[in-house]
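Enquirer: For reference, the structure I am asking about is given below.
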Amino acid sequence: MAIPRELYPSQDDLPYEEELLRNPFSLKLWWRYLVARRDAPFEKRFITYERALKALPGSYKLWHAYLTERLDVVRNLPITHPKYQTLNNTFERALVTMHKMPRIWIMYLQSLTNQKFIERTRRTADRALCALPVTQHDRIWELYLKFVSQEGVPIETSLRVYRRYLKYDPGHIEDFIEFLVTSRLWQEAAERLASVLNDDQFYSLKGKTKHTLWLELCDLLTRHAKDVSGINVDAIIRGGIRKYTNEVGRLWTSLADYYIRRGLFDKARDIFEEGMTTVITVRDFSVIFDAYAEFEQGMADHKIENLESSDEEEDSAEESDLEVDIRLKVTLPNFEKKLLSGFWFNDDKDVDLMLARFDYLMERRPELANSVLLRQNPHNVEQWHRRVKLFDANPEKQVLTYTEAVRTVDPMKAVGKPHTLWIAFAKLYEKHNDLVNARVIFDKAAQVNYKTVDNLASVWCEWAEMEIRHKNFQAALELLRRATAEPSVEVKRRVAADGNEPVQMKLHKSLRLWTFYVDLEEGLGTLESTRAVYERILDLRIATPQIIINYAFLLEGNKYFEDAFKVYERGVKIFKYPHVKDIWVTYLSKFVKRYGKTKLERARELFEHAIEMTPADSVKPLYLQYAKLEEDYGLAKRAMKVYDQATKAVPNSEKLGMYEIYIARAAEIFGVPKTREIYEQAIESGLPDKDVKKMCLKYAELEKNLGEIDRARGIYGFASQFADPRSDQDFWTKWHAFEVLHGNEDTFREMLRIKRTVSASYSQTHFILPEYMMQKDQKMSIDDAKDKLKQAGLPEDEMAALEKQLAPVSTTDNAASKDGNNRTTLGFVSAGVQTQTDGGLKVTRNQEDIELPDESDSDDDTEKVEIAQKEVPSEVFGGLVRKRDDAEKDGGDEGHDAPAALGALERIKRLKREGQNHQ
């Protein structure tokens with residue numbers, strides 16, 4: 001064949017041609033030549049490739065480049081173009097020498113697949129598998145399987161290829177199963193899937209579990225029941241139900257669906273019923289019940305549709321009689337249909353039956369759901385009660401349900417109260433006036449070994465209440481006597497030898513049973529029998545404070561007062577606080593009300609004993625009751641002593657209230673001046689700071705009302721150390737008002753100075769001390785504070801300054817209490833002339849304060865204040881005026897120099913000094 005002129009080598013190709021003439025077998029020269037002519041037409045490069053391959057037929061590089069370019073040329077051509085045949089011939093020539101190269105085979109197979117050559121592609125793939133080593137077969141099988149999975153490839157061809165592939169790699173059987181499902185080959189797909197599930201060594205490359213594969217097999221078997229044969233579907237699905245308990249509902253519905261698809265509807269109903277009566281979870285039950293209800297509804301709808309269509313067909317095809325059908329030679333099935341027409345078992349018009357089945361199924365849903373819960377836990381008492389309520393209209397089924405319940409529930413494993421089943425069972429018979437059977441049920445219930453004694457006691461109490469409801473009072477009393485009787489020694493010995501002690505052995509100590517028994521005896525029995533029951537309760541040591549009080553009330557109501565008090569005595573010996581509190585209160589109230597002042601010493605002993613046994617946080621009511629006794633029947637002095645003891649005995653949180661009561665009673669009995677000692681005692685007693693401040697304010701108000709202005713001012717000065725001006729404005733407002741009414745310019749300046757000093761003291765304390773040391777109610781000594789500050793790294797000079805601030809707070813009280821052995825000094829002064837001495841000012845004075853001159857700016861406000869001077873009427877002082885006049889007469893000339901209002905303490909001191917001077 002002549003070669004066109006343009007395909008010959010050009011002038012530019014001569015250097016390459018000359019080199020190739022010198023060395024035609026050099027791959028490097030041929031490759032350089034092809035690279036240099038990459039832009040030349042393919043026909044010219046085709047000639048160059050052919051010349052190179054003729055010289056070097058074993059060069060993979062040349063063949064691969066040549067075939068790639070040929071594939072690029074035909075890429076956009078239709079598969080019927082002649083160039084495809086040339087391409088295939090080129091591949092065949094290449095495989096003569098390149099048959100061990102898998103890439104050449106792959107390119108060839110891809111080209112043949114695109115050309116839709118089924119037979120040629122299959123044979124080429126087989127040749128490739130024969131030519132290549134086994135280690136490279138996976139590259140060929142990938143294309144081979146893709147090819148046989150295409151549409152148009154015969155199924156038998158694909159099956160044979162897949163079966164051959166499974167011999168090469170059995171692990172990819174899932175791909176084969178998917179292909180079978182896609183190809184609708186249900187029989188073989190089911191068999192292969194079943195074999196996979198039976199293989200314990202199988203490992204899914206797709207990550208599927210045995211459970212997932214099992215569900216796929218069930219779906220395959222049930223959805224294509226008519227296409228799969230030779231497999232025991234029932235056994236397979238039941239095996240899955242036993243093995244995979246979390247998908248029981250789905251598997252039961254799958255099995256029923258299998259029989260529905262095969263037309264065995266009665267068998268499907270049996271499967272649904274079996275599933276609902278065996279599942280143990282509500283979720284599985286809901287799945288089965290919904291599928292069952294849908295099936296029954298679908299069957300009814302289908303029957304209705306068929307009934308309408310069959311009526312139309314019968315109207316058009318009805319003949320006169322049976323002989324006409326025989327004469328016309330009808331087939332045997334039509335003959336049988338006509339022959340059996342009218343018989344009940346051959347009636348297809350069973351729509352009413354279908355609807356009745358559906359209604360019956362819906363009515364049974366609550367009962368079936370309850371059965372599921374009972375299968376979860378047959379010892380659930382509440383579920384048995386709910387089951388009984390489902391049969392309210394059917395007493396016979398209720399009796400059967402109760403019978404099954406009491407037989408099934410184990411009292412030791414029961415969830416709830418198992419005795420309620422027996423009680424409800426007996427009440428069912430009682431409701432229908434069958435007391436004989438009700439007593440039989442109660443008798444059997446009393447013999448059951450419950451978990452707790454209270455359950456058994458409830459049975460006996462309900463039994464007795466039933467007898468009471470029917471007016472059998474003696475029978476009820478006899479029942480309770482039987483229940484509370486202590487087991488004999490022989491019975492105890494046998495039980496001890498047995499090793500398993502039932503609750504019946506402890507029933508005689510049931511408090512619930514005894515309280516019911518004693519109530520019944522009080523209402524129906526005699527006083528002697530009731531006392532015997534109470535005494536038995538006390539002997540068994542199961543009494544409660546309420547039983548003690550009830551027993552005492554019973555005796556008191558029958559005029560046995562001393563016996564009632566003996567019962568109270570036994571009660572206070574048995575119980576401790578807080579249980580004995582009610583007994584003591586009732587006992588003391590009854591005793592005082594009964595005897596009053598006739599047995600006052602005995603009452604005092606009782607109160608002392610009660611107070612001694614009572615803890616501090618509960619003793620206040622007893623002290624008040626004791627003091628009330630002394631006020632009503634005893635001595636006022638002893639009443640004050642009781643109040644005084646109470647103030648020391650109660651806890652700190654109640655001391656203020658107790659002192660207020662003490663002061664009020666003392667003022668009412670002995671007069672207002674008597675309360676001074678109590679106020680001073682309260683301030684010294686260790687009350688919290690806030691309570692000390694309140695007490696001081698009340699004390700100052702008292703002194704102001706009595707006209708003791710200087711004493712009131714001293715009390716204000718003493719209380720100022722507990723009042724921070726920044727947070728306690730009320731105190732300073734009251735002192736300010738007091739000075740405006742009763743003070744002068746000097747006293748007002750002194751109040752302002754004290755206020756500044758206290759404010760500075762609180763500021764320094766809050767700045768230096770940690771928060772837990774700033775709590776006013778916390779009692780911390782100066783040494784403890786110094787230790788804390790030293791641990792915190794505070795310098796010595798600051799510690800010394802702080803000690804000077806805090807020292808008077810702790811030392812003034814001691815110094816004041818020792819001054820003249822008199823308790824009334826307290827750090828504040830009496831009503832004498834020594835108003836501004838060491839009494840109240842050292843407490844709040846800051847040693848580092850700078851005394852401001854009178855002309856200081858801070859005192860400008862004081863200059864504007866006009867102090868009102870007002871005499872106190874002599875009626876305010878009452879008898880104190882006469883005492884003051886007597887003292888002035890006794891004092892002679894010195895008395896004229898004394899202030900107009902001298903305190904009692906100051907007068908006593910003057911009398912002592914005068915006596916010493918005379919000596």
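Residues in the structure tokens are numbered from 1 in each chain, the chains being A, B, ... in the order shown, and ligands are numbered from 1 in the order shown.
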Enumerate as a ChimeraX atom specification all residues of range 682-722 of chain A assigned to alpha helix (DSSP H) by DSSP on the backbone, naming them with the chain letters and numbers the document uses.
Expert: /A:682-684,689-705,709-719
Enquirer: Would you list the contacts of Arg536 in chain A as a list of chain:residue names, taking every protein, DNA or RNA residue within 12 Å and counting only C-alpha atoms, but skipping same-chain residues closer than 3 positions in sequence?
Expert: A:Arg481, A:Thr484, A:Ala485, A:Glu486, A:His508, A:Lys509, A:Leu511, A:Trp514, A:Thr515, A:Tyr517, A:Val518, A:Ser529, A:Thr530, A:Arg531, A:Ala532, A:Val533, A:Asp539, A:Leu540, A:Arg541, A:Ile542, A:Ala543, A:Ile547, A:Tyr551
Enquirer: Can you list, as a PyMOL selection string, every protein, DNA or RNA residue that comes within 12 Å of Arg51 in chain A when you count only C-alpha atoms, leaving out same-chain residues fewer than 5 positions away?
Expert: chain A and resi 17+20-21+24-25+27+30-31+33-34+44-46+56-57+62-63+66
Enquirer: Excluding same-chain residues fewer than 2 positions from Ala125 in chain A, what lies within 8 Å of it counting only C-alpha atoms, as a CSV table (one decimal) with all heavy atoms, in the first residue's frame?
Expert:
```csv
chain,number,residue,atom,x,y,z
A,109,LEU,N,-9.4,-4.9,28.6
A,109,LEU,CA,-10.8,-5.3,29.2
A,109,LEU,C,-11.7,-4.0,29.3
A,109,LEU,O,-12.9,-4.1,29.0
A,109,LEU,CB,-10.6,-5.9,30.5
A,109,LEU,CG,-10.0,-7.4,30.5
A,109,LEU,CD1,-9.7,-7.8,31.9
A,109,LEU,CD2,-11.0,-8.3,29.8
A,121,THR,N,-15.3,-10.1,25.7
A,121,THR,CA,-14.8,-9.6,27.0
A,121,THR,C,-14.6,-10.8,28.0
A,121,THR,O,-13.6,-10.8,28.7
A,121,THR,CB,-15.8,-8.6,27.6
A,121,THR,OG1,-16.0,-7.5,26.6
A,121,THR,CG2,-15.2,-7.9,28.8
A,122,ARG,N,-15.6,-11.7,28.0
A,122,ARG,CA,-15.5,-12.8,29.0
A,122,ARG,C,-14.3,-13.6,28.7
A,122,ARG,O,-13.5,-14.0,29.6
A,122,ARG,CB,-16.8,-13.6,28.9
A,122,ARG,CG,-16.8,-14.8,29.9
A,122,ARG,CD,-18.1,-15.5,29.8
A,122,ARG,NE,-18.3,-16.1,28.5
A,122,ARG,CZ,-17.7,-17.3,28.2
A,122,ARG,NH1,-16.9,-17.9,29.1
A,122,ARG,NH2,-17.9,-17.9,27.0
A,123,ARG,N,-14.1,-13.9,27.4
A,123,ARG,CA,-13.0,-14.8,27.0
A,123,ARG,C,-11.6,-14.1,27.3
A,123,ARG,O,-10.7,-14.7,27.7
A,123,ARG,CB,-13.1,-15.2,25.5
A,123,ARG,CG,-14.2,-16.1,25.2
A,123,ARG,CD,-14.3,-16.5,23.8
A,123,ARG,NE,-15.4,-17.4,23.5
A,123,ARG,CZ,-15.3,-18.7,23.7
A,123,ARG,NH1,-14.2,-19.3,24.2
A,123,ARG,NH2,-16.4,-19.5,23.4
A,127,ARG,N,-8.6,-15.3,29.6
A,127,ARG,CA,-7.2,-15.4,29.2
A,127,ARG,C,-6.3,-14.7,30.1
A,127,ARG,O,-5.2,-15.1,30.4
A,127,ARG,CB,-7.1,-14.8,27.7
A,127,ARG,CG,-7.7,-15.7,26.6
A,127,ARG,CD,-7.8,-14.9,25.3
A,127,ARG,NE,-6.6,-14.3,25.0
A,127,ARG,CZ,-6.4,-13.3,24.2
A,127,ARG,NH1,-7.5,-12.7,23.7
A,127,ARG,NH2,-5.3,-12.8,23.9
A,128,ALA,N,-6.8,-13.5,30.6
A,128,ALA,CA,-5.9,-12.7,31.5
A,128,ALA,C,-5.7,-13.4,32.8
A,128,ALA,O,-4.6,-13.4,33.3
A,128,ALA,CB,-6.6,-11.3,31.8
A,129,LEU,N,-6.7,-14.1,33.3
A,129,LEU,CA,-6.6,-14.9,34.5
A,129,LEU,C,-5.6,-16.0,34.3
A,129,LEU,O,-4.9,-16.4,35.3
A,129,LEU,CB,-8.0,-15.3,35.0
A,129,LEU,CG,-8.9,-14.2,35.5
A,129,LEU,CD1,-10.3,-14.8,35.8
A,129,LEU,CD2,-8.4,-13.6,36.7
A,140,ILE,N,-7.8,-8.0,37.9
A,140,ILE,CA,-8.7,-8.5,36.8
A,140,ILE,C,-10.1,-8.7,37.3
A,140,ILE,O,-11.1,-8.4,36.6
A,140,ILE,CB,-8.1,-9.7,36.2
A,140,ILE,CG1,-6.6,-9.5,35.7
A,140,ILE,CG2,-8.9,-10.2,35.0
A,140,ILE,CD1,-6.5,-8.3,34.7
A,144,TYR,N,-13.8,-7.7,36.0
A,144,TYR,CA,-14.6,-8.8,35.5
A,144,TYR,C,-16.0,-8.8,36.2
A,144,TYR,O,-17.0,-8.9,35.5
A,144,TYR,CB,-13.9,-10.1,35.8
A,144,TYR,CG,-14.3,-11.3,35.0
A,144,TYR,CD1,-13.6,-12.6,35.1
A,144,TYR,CD2,-15.3,-11.2,34.0
A,144,TYR,CE1,-14.0,-13.6,34.3
A,144,TYR,CE2,-15.6,-12.3,33.2
A,144,TYR,CZ,-15.0,-13.5,33.4
A,144,TYR,OH,-15.3,-14.6,32.6
```
Enquirer: Please determine, counting only C-alpha atoms, which residue among A:Asp266, A:Glu569, A:Asp644, A:Asp434 has the shortest atom-to-atom distance to Gln681 in chain A.
Expert: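 Ranked by minimum distance to Gln681 in chain A, first place goes to A:Asp644.
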Enquirer: Which is closest to Tyr360 in chain A among A:Glu501, A:Glu296, A:Ala719, A:Tyr244, if we use only C-alpha atoms?
Expert: A:Glu296
Enquirer: Can you list, as a list in words, every protein, DNA or RNA residue that comes within 10 Å of Ser618 in chain A when you count only C-alpha atoms, leaving out same-chain residues fewer than 5 positions away?
Expert: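 Within the cut-off, the hits are Tyr577, Pro578, Lys581, Ile611, Tyr623, Val650 and Pro651 of chain A.
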Enquirer: Produce a file of the selected residues containing N, CA, C and O atoms, as a PDB file, in the first residue's frame.
Expert:
```
ATOM      1  N   TYR A 577     -35.238  12.115 125.855  1.00  0.00           N
ATOM      2  CA  TYR A 577     -35.581  13.252 124.994  1.00  0.00           C
ATOM      3  C   TYR A 577     -35.177  12.961 123.560  1.00  0.00           C
ATOM      4  O   TYR A 577     -34.180  12.262 123.326  1.00  0.00           O
ATOM      5  N   PRO A 578     -35.956  13.444 122.588  1.00  0.00           N
ATOM      6  CA  PRO A 578     -37.102  14.351 122.702  1.00  0.00           C
ATOM      7  C   PRO A 578     -38.442  13.634 122.871  1.00  0.00           C
ATOM      8  O   PRO A 578     -39.476  14.282 122.914  1.00  0.00           O
ATOM      9  N   LYS A 581     -40.696  14.412 126.019  1.00  0.00           N
ATOM     10  CA  LYS A 581     -41.105  15.803 126.245  1.00  0.00           C
ATOM     11  C   LYS A 581     -42.611  15.903 126.487  1.00  0.00           C
ATOM     12  O   LYS A 581     -43.070  16.530 127.463  1.00  0.00           O
ATOM     13  N   ILE A 611     -36.379  19.077 134.894  1.00  0.00           N
ATOM     14  CA  ILE A 611     -35.383  20.030 134.398  1.00  0.00           C
ATOM     15  C   ILE A 611     -34.012  19.389 134.316  1.00  0.00           C
ATOM     16  O   ILE A 611     -33.230  19.638 133.389  1.00  0.00           O
ATOM     17  N   TYR A 623     -39.156  25.520 132.731  1.00  0.00           N
ATOM     18  CA  TYR A 623     -38.842  26.570 133.694  1.00  0.00           C
ATOM     19  C   TYR A 623     -40.013  27.552 133.837  1.00  0.00           C
ATOM     20  O   TYR A 623     -40.355  27.991 134.939  1.00  0.00           O
ATOM     21  N   VAL A 650     -30.794  28.148 129.823  1.00  0.00           N
ATOM     22  CA  VAL A 650     -31.201  28.156 128.408  1.00  0.00           C
ATOM     23  C   VAL A 650     -29.999  28.482 127.521  1.00  0.00           C
ATOM     24  O   VAL A 650     -29.029  29.110 127.977  1.00  0.00           O
ATOM     25  N   PRO A 651     -30.027  28.088 126.244  1.00  0.00           N
ATOM     26  CA  PRO A 651     -28.921  28.425 125.344  1.00  0.00           C
ATOM     27  C   PRO A 651     -28.858  29.912 125.060  1.00  0.00           C
ATOM     28  O   PRO A 651     -29.796  30.670 125.351  1.00  0.00           O
TER      29      PRO A 651
END
```
Enquirer: Which residue out of A:Glu273, A:Glu367, A:Asp234, A:Glu119 has the minimum interatomic distance to Ser158 in chain A when only C-alpha atoms are used?
Expert: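 Of A:Glu273, A:Glu367, A:Asp234, A:Glu119, the one nearest Ser158 in chain A is A:Glu119, counting only C-alpha atoms.
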Enquirer: Might you pull out every residue within 9 Å of Ala426 in chain A, with only C-alpha atoms counted and same-chain residues fewer than 5 positions away left off, and present them as a list in words?
Expert: Leu421, Lys431, Leu435, Asn437, Ala438, Arg439, Val440, Ile441, Phe442 and Trp463 of chain A
Enquirer: Show which residues sit within 8 Å of Ala723 in chain A, as a list in words. Count only C-alpha atoms, and ignore same-chain residues fewer than 3 positions away.
Expert: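 That gives Lys693, Ala719, Ser720, Ser727, Asp728, Phe731, Trp732 and Val758 of chain A.
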Enquirer: Output all heavy atoms for every residue in that selection, as a compact mmCIF listing (two decimals), in the first residue's frame.
Expert:
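Just written: part_5.txt:
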```
# COMPACT_ATOMS: atom_id res chain seq x y z
N LYS A 693 -26.42 44.87 123.57
CA LYS A 693 -26.80 46.21 123.15
C LYS A 693 -28.29 46.46 123.37
O LYS A 693 -28.70 47.51 123.89
CB LYS A 693 -26.44 46.39 121.68
CG LYS A 693 -26.71 47.78 121.15
CD LYS A 693 -26.26 47.87 119.70
CE LYS A 693 -27.03 46.88 118.83
NZ LYS A 693 -26.67 46.96 117.42
N ALA A 719 -22.61 50.77 126.15
CA ALA A 719 -23.16 50.03 125.01
C ALA A 719 -22.59 50.50 123.68
O ALA A 719 -22.71 49.80 122.66
CB ALA A 719 -24.69 50.16 124.98
N SER A 720 -21.94 51.68 123.68
CA SER A 720 -21.45 52.21 122.40
C SER A 720 -20.38 51.32 121.79
O SER A 720 -20.18 51.33 120.57
CB SER A 720 -20.90 53.62 122.62
OG SER A 720 -19.78 53.59 123.50
N SER A 727 -23.18 50.99 110.64
CA SER A 727 -24.24 50.00 110.42
C SER A 727 -25.34 50.05 111.46
O SER A 727 -26.40 49.44 111.26
CB SER A 727 -23.64 48.59 110.40
OG SER A 727 -23.00 48.30 111.63
N ASP A 728 -25.13 50.71 112.58
CA ASP A 728 -26.13 50.73 113.65
C ASP A 728 -26.52 52.17 113.94
O ASP A 728 -26.19 52.75 114.98
CB ASP A 728 -25.54 50.05 114.89
CG ASP A 728 -26.63 49.68 115.89
OD1 ASP A 728 -27.79 50.07 115.65
OD2 ASP A 728 -26.32 49.04 116.90
N PHE A 731 -29.01 53.02 117.26
CA PHE A 731 -28.47 53.25 118.60
C PHE A 731 -28.00 54.68 118.75
O PHE A 731 -28.32 55.37 119.74
CB PHE A 731 -27.32 52.27 118.85
CG PHE A 731 -26.55 52.55 120.11
CD1 PHE A 731 -27.02 52.12 121.34
CD2 PHE A 731 -25.36 53.28 120.09
CE1 PHE A 731 -26.33 52.39 122.50
CE2 PHE A 731 -24.66 53.55 121.24
CZ PHE A 731 -25.15 53.11 122.46
N TRP A 732 -27.23 55.15 117.79
CA TRP A 732 -26.68 56.50 117.91
C TRP A 732 -27.79 57.55 117.77
O TRP A 732 -27.69 58.64 118.35
CB TRP A 732 -25.61 56.71 116.85
CG TRP A 732 -24.44 55.80 117.09
CD1 TRP A 732 -24.17 54.64 116.48
CD2 TRP A 732 -23.40 56.00 118.05
NE1 TRP A 732 -23.03 54.07 116.98
CE2 TRP A 732 -22.52 54.89 117.95
CE3 TRP A 732 -23.11 56.99 118.99
CZ2 TRP A 732 -21.39 54.77 118.74
CZ3 TRP A 732 -21.97 56.87 119.78
CH2 TRP A 732 -21.14 55.77 119.66
N VAL A 758 -15.22 55.09 118.43
CA VAL A 758 -15.76 53.77 118.09
C VAL A 758 -15.69 53.51 116.60
O VAL A 758 -15.34 52.43 116.14
CB VAL A 758 -17.21 53.65 118.60
CG1 VAL A 758 -17.84 52.37 118.10
CG2 VAL A 758 -17.24 53.70 120.12
```
Enquirer: As an exercise, work out the distance from CA of Ala649 in chain A to CA of Ile683 in chain A in Å and give it to one decimal place.
Expert: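 Separation between CA of Ala649 in chain A and CA of Ile683 in chain A: 15.9 Å.
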